[in-house]
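Quick look at work33.pdb (PDB, C-alpha atoms):
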ATOM      1  CA  MET A   1      13.708   8.790  -6.979
ATOM      2  CA  LYS A   2      10.215   7.334  -6.892
ATOM      3  CA  PHE A   3       9.162   4.746  -4.320
ATOM      4  CA  LEU A   4       6.088   2.542  -4.075
ATOM      5  CA  LEU A   5       4.810   2.261  -0.505
ATOM      6  CA  LEU A   6       2.769  -0.880   0.128
ATOM      7  CA  SER A   7       0.599  -0.895   3.235
ATOM      8  CA  TYR A   8      -0.505  -4.173   4.793
ATOM      9  CA  THR A   9      -3.254  -5.007   7.262
ATOM     10  CA  PRO A  10      -4.050  -8.242   9.136
ATOM     11  CA  ALA A  11      -6.366 -10.358   6.972
ATOM     12  CA  ASP A  12      -8.535 -11.365   9.914
ATOM     13  CA  SER A  13      -9.289  -7.720  10.750
ATOM     14  CA  TRP A  14     -10.786  -7.067   7.318
ATOM     15  CA  ASP A  15     -14.218  -8.700   7.122
ATOM     16  CA  ALA A  16     -15.374  -9.191   3.518
ATOM     17  CA  GLU A  17     -19.019  -8.723   4.474
ATOM     18  CA  THR A  18     -18.385  -5.261   5.960
ATOM     19  CA  ALA A  19     -15.576  -4.161   3.604
ATOM     20  CA  ASP A  20     -17.717  -1.360   2.149
ATOM     21  CA  THR A  21     -18.415   0.125   5.598
ATOM     22  CA  PRO A  22     -15.218   1.201   7.362
ATOM     23  CA  GLY A  23     -15.118   0.836  11.122
ATOM     24  CA  ASP A  24     -13.990   3.459  13.605
ATOM     25  CA  ASP A  25     -10.409   2.113  13.628
ATOM     26  CA  ALA A  26     -10.200   2.307   9.828
ATOM     27  CA  LEU A  27     -11.582   5.854   9.811
ATOM     28  CA  ALA A  28      -9.083   6.939  12.482
ATOM     29  CA  ALA A  29      -6.181   5.399  10.524
ATOM     30  CA  PHE A  30      -7.353   7.100   7.333
ATOM     31  CA  ALA A  31      -7.511  10.484   9.109
ATOM     32  CA  ALA A  32      -3.982   9.965  10.449
ATOM     33  CA  TYR A  33      -2.712   8.995   6.992
ATOM     34  CA  GLN A  34      -4.301  12.095   5.444
ATOM     35  CA  LYS A  35      -2.068  14.238   7.674
ATOM     36  CA  PHE A  36       1.024  12.538   6.234
ATOM     37  CA  GLU A  37      -0.334  12.952   2.709
ATOM     38  CA  ALA A  38      -0.914  16.681   3.282
ATOM     39  CA  GLU A  39       2.660  17.067   4.541
ATOM     40  CA  LEU A  40       4.051  15.240   1.493
ATOM     41  CA  ARG A  41       1.950  17.417  -0.826
ATOM     42  CA  GLU A  42       3.474  20.505   0.819
ATOM     43  CA  THR A  43       7.027  19.196   0.332
ATOM     44  CA  GLY A  44       6.299  18.099  -3.254
ATOM     45  CA  GLU A  45       7.059  14.455  -2.446
ATOM     46  CA  PHE A  46       3.498  13.119  -2.890
ATOM     47  CA  VAL A  47       2.673  11.470  -6.238
ATOM     48  CA  LEU A  48      -0.318   9.131  -5.745
ATOM     49  CA  SER A  49      -2.178   7.131  -3.114
ATOM     50  CA  GLU A  50      -5.076   4.671  -3.365
ATOM     51  CA  GLY A  51      -6.806   2.178  -1.122
ATOM     52  CA  LEU A  52      -7.438  -1.267  -2.533
ATOM     53  CA  GLY A  53     -10.605  -3.347  -2.628
ATOM     54  CA  HIS A  54     -11.083  -6.319  -0.343
ATOM     55  CA  PRO A  55      -9.006  -9.388  -1.312
ATOM     56  CA  ALA A  56     -12.213 -11.436  -1.613
ATOM     57  CA  VAL A  57     -13.103  -9.487  -4.764
ATOM     58  CA  SER A  58      -9.683  -9.809  -6.374
ATOM     59  CA  THR A  59      -8.842 -11.982  -9.374
ATOM     60  CA  THR A  60      -5.613 -13.898  -9.861
ATOM     61  CA  VAL A  61      -4.415 -14.695 -13.390
ATOM     62  CA  ARG A  62      -1.732 -17.336 -13.856
ATOM     63  CA  LYS A  63      -0.268 -19.515 -16.579
ATOM     64  CA  THR A  64      -0.868 -23.256 -16.209
ATOM     65  CA  ASP A  65      -0.120 -26.254 -18.417
ATOM     66  CA  GLY A  66      -3.671 -25.891 -19.758
ATOM     67  CA  GLY A  67      -3.290 -22.208 -20.625
ATOM     68  CA  VAL A  68      -3.905 -18.939 -18.854
ATOM     69  CA  VAL A  69      -6.483 -19.231 -16.064
ATOM     70  CA  ALA A  70      -8.259 -16.528 -14.062
ATOM     71  CA  THR A  71      -9.561 -17.431 -10.606
ATOM     72  CA  ASP A  72     -11.497 -15.443  -8.047
ATOM     73  CA  GLY A  73      -9.672 -14.382  -4.916
ATOM     74  CA  PRO A  74      -6.117 -13.591  -3.943
ATOM     75  CA  TYR A  75      -3.103 -15.560  -5.079
ATOM     76  CA  ALA A  76      -2.463 -17.132  -1.689
ATOM     77  CA  GLU A  77      -3.889 -17.331   1.796
ATOM     78  CA  LEU A  78      -2.090 -14.683   3.798
ATOM     79  CA  LYS A  79      -2.011 -13.489   7.368
ATOM     80  CA  GLU A  80      -1.570  -9.940   6.091
ATOM     81  CA  VAL A  81      -3.089  -8.498   2.938
ATOM     82  CA  LEU A  82      -2.148  -5.542   0.783
ATOM     83  CA  ALA A  83      -4.564  -2.775   1.770
ATOM     84  CA  SER A  84      -3.283   0.307  -0.052
ATOM     85  CA  PHE A  85      -0.410   1.810  -1.953
ATOM     86  CA  ALA A  86       1.169   5.203  -2.392
ATOM     87  CA  ILE A  87       3.853   6.590  -4.643
ATOM     88  CA  ILE A  88       6.232   9.222  -3.368
ATOM     89  CA  GLU A  89       9.127  10.975  -5.059
ATOM     90  CA  CYS A  90      11.956  11.968  -2.774
ATOM     91  CA  SER A  91      15.714  12.401  -2.772
ATOM     92  CA  SER A  92      16.797   9.001  -1.460
ATOM     93  CA  LEU A  93      15.863   5.665   0.053
ATOM     94  CA  GLU A  94      16.877   7.096   3.426
ATOM     95  CA  ARG A  95      14.263   9.865   3.077
ATOM     96  CA  ALA A  96      11.630   7.286   2.050
ATOM     97  CA  ARG A  97      12.529   5.230   5.146
ATOM     98  CA  ASP A  98      12.128   8.299   7.367
ATOM     99  CA  ILE A  99       8.688   9.031   5.909
ATOM    100  CA  VAL A 100       7.492   5.431   6.216
ATOM    101  CA  ALA A 101       8.893   4.996   9.726
ATOM    102  CA  ARG A 102       6.729   7.894  10.906
ATOM    103  CA  MET A 103       3.656   6.407   9.179
ATOM    104  CA  VAL A 104       4.202   2.961  10.682
ATOM    105  CA  ASP A 105       4.760   4.479  14.119
ATOM    106  CA  VAL A 106       1.378   6.235  13.976
ATOM    107  CA  LEU A 107      -0.677   3.686  11.999
ATOM    108  CA  GLY A 108       0.814   0.525  13.492
ATOM    109  CA  GLU A 109       0.637  -1.560  10.310
ATOM    110  CA  PRO A 110       3.678  -2.755   8.327
ATOM    111  CA  MET A 111       4.637  -1.053   5.086
ATOM    112  CA  GLU A 112       7.020  -2.066   2.325
ATOM    113  CA  ILE A 113       9.148   0.368   0.318
ATOM    114  CA  ARG A 114       9.920  -0.621  -3.275
ATOM    115  CA  PRO A 115      11.977   1.521  -5.652
ATOM    116  CA  ILE A 116      10.201   2.209  -8.935
ATOM    117  CA  MET A 117      12.397   1.413 -11.895
ATOM    118  CA  GLY A 118      12.537   4.495 -14.103
ATOM    119  CA  ASP A 119      13.300   4.943 -17.775
ATOM    120  CA  ASP A 120      17.019   4.660 -17.045
ATOM    121  CA  PHE A 121      16.519   0.998 -16.063
ATOM    122  CA  ALA A 122      16.062  -0.073 -19.694
TER     123      ALA A 122
END
As structure tokens, the full file:
Amino acid sequence: MKFLLLSYTPADSWDAETADTPGDDALAAFAAYQKFEAELRETGEFVLSEGLGHPAVSTTVRKTDGGVVATDGPYAELKEVLASFAIIECSSLERARDIVARMVDVLGEPMEIRPIMGDDFA
């Protein structure tokens, strides 16, 4: 089974003006995450992982009565923003929970686990 792991960070800790220059805390968290990624590569459970750009440079596209409109910025004001994602492939939701629980324990930020709907969903 494949799972999408969504990692969140407090919006107020991510300054748009310094988003291109990670601070010491961000570098330490990235180093800790890389250890988990290496472990998942060894077990064959790692598929993909990417950090995301700052929410200030995002674009939201939505349908309105006047047509489809694109606006700068995130969809909503949030206390936490989506900071990165990863895809893992493991035997069960329980295994995905075990992996993510260890990550959250070390990194301290919340993560969401979402099953990826495969070809059998159609």
For this session: Choose the residue, out of A:Thr59, A:Ile87, A:Ala101, A:Met117, that has the smallest atom-to-atom separation from A:Phe46; count only C-alpha atoms.
Result: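 Comparing A:Thr59, A:Ile87, A:Ala101, A:Met117 against A:Phe46, the winner is A:Ile87.
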Problem set entry | Result set of the PyMOL selection byres ((chain A and resi 53) around 9) on the coordinates above, as number ranges by chain | A: 19-20, 51-52, 54-58, 83-84
For this session: Might you pull out every residue within 12 Å of stretch 30-45 of chain A, with all atoms listed in the file counted and same-chain residues fewer than 5 positions away left off, and present them as number ranges by chain?
Result: A: 1-3, 7, 22-25, 50-51, 83-92, 95-96, 98-109
Go ahead and dump the residues you just picked, C-alpha atoms, as a PDB file, in the frame of the given file.
ATOM      1  CA  MET A   1      13.708   8.790  -6.979  1.00  0.00           C
ATOM      2  CA  LYS A   2      10.215   7.334  -6.892  1.00  0.00           C
ATOM      3  CA  PHE A   3       9.162   4.746  -4.320  1.00  0.00           C
ATOM      4  CA  SER A   7       0.599  -0.895   3.235  1.00  0.00           C
ATOM      5  CA  PRO A  22     -15.218   1.201   7.362  1.00  0.00           C
ATOM      6  CA  GLY A  23     -15.118   0.836  11.122  1.00  0.00           C
ATOM      7  CA  ASP A  24     -13.990   3.459  13.605  1.00  0.00           C
ATOM      8  CA  ASP A  25     -10.409   2.113  13.628  1.00  0.00           C
ATOM      9  CA  GLU A  50      -5.076   4.671  -3.365  1.00  0.00           C
ATOM     10  CA  GLY A  51      -6.806   2.178  -1.122  1.00  0.00           C
ATOM     11  CA  ALA A  83      -4.564  -2.775   1.770  1.00  0.00           C
ATOM     12  CA  SER A  84      -3.283   0.307  -0.052  1.00  0.00           C
ATOM     13  CA  PHE A  85      -0.410   1.810  -1.953  1.00  0.00           C
ATOM     14  CA  ALA A  86       1.169   5.203  -2.392  1.00  0.00           C
ATOM     15  CA  ILE A  87       3.853   6.590  -4.643  1.00  0.00           C
ATOM     16  CA  ILE A  88       6.232   9.222  -3.368  1.00  0.00           C
ATOM     17  CA  GLU A  89       9.127  10.975  -5.059  1.00  0.00           C
ATOM     18  CA  CYS A  90      11.956  11.968  -2.774  1.00  0.00           C
ATOM     19  CA  SER A  91      15.714  12.401  -2.772  1.00  0.00           C
ATOM     20  CA  SER A  92      16.797   9.001  -1.460  1.00  0.00           C
ATOM     21  CA  ARG A  95      14.263   9.865   3.077  1.00  0.00           C
ATOM     22  CA  ALA A  96      11.630   7.286   2.050  1.00  0.00           C
ATOM     23  CA  ASP A  98      12.128   8.299   7.367  1.00  0.00           C
ATOM     24  CA  ILE A  99       8.688   9.031   5.909  1.00  0.00           C
ATOM     25  CA  VAL A 100       7.492   5.431   6.216  1.00  0.00           C
ATOM     26  CA  ALA A 101       8.893   4.996   9.726  1.00  0.00           C
ATOM     27  CA  ARG A 102       6.729   7.894  10.906  1.00  0.00           C
ATOM     28  CA  MET A 103       3.656   6.407   9.179  1.00  0.00           C
ATOM     29  CA  VAL A 104       4.202   2.961  10.682  1.00  0.00           C
ATOM     30  CA  ASP A 105       4.760   4.479  14.119  1.00  0.00           C
ATOM     31  CA  VAL A 106       1.378   6.235  13.976  1.00  0.00           C
ATOM     32  CA  LEU A 107      -0.677   3.686  11.999  1.00  0.00           C
ATOM     33  CA  GLY A 108       0.814   0.525  13.492  1.00  0.00           C
ATOM     34  CA  GLU A 109       0.637  -1.560  10.310  1.00  0.00           C
TER      35      GLU A 109
END
For this session: For each of A:Thr9, A:Asp65, A:Ala29, A:Pro115, take the minimum atom-to-atom distance to A:Glu94, counting all atoms listed in the file, then give the residue where this is smallest.
Result: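 Of all the options, A:Pro115 lies closest to A:Glu94.
What separates atom CA of A:Ile113 from atom CA of A:Val81 is a distance of 15.3 Å.
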Problem set entry | Residue contacts of A:Val61 (8 Å, all atoms listed in the file) excluding same-chain residues fewer than 3 positions away, as a ChimeraX atom specification | /A:68-71
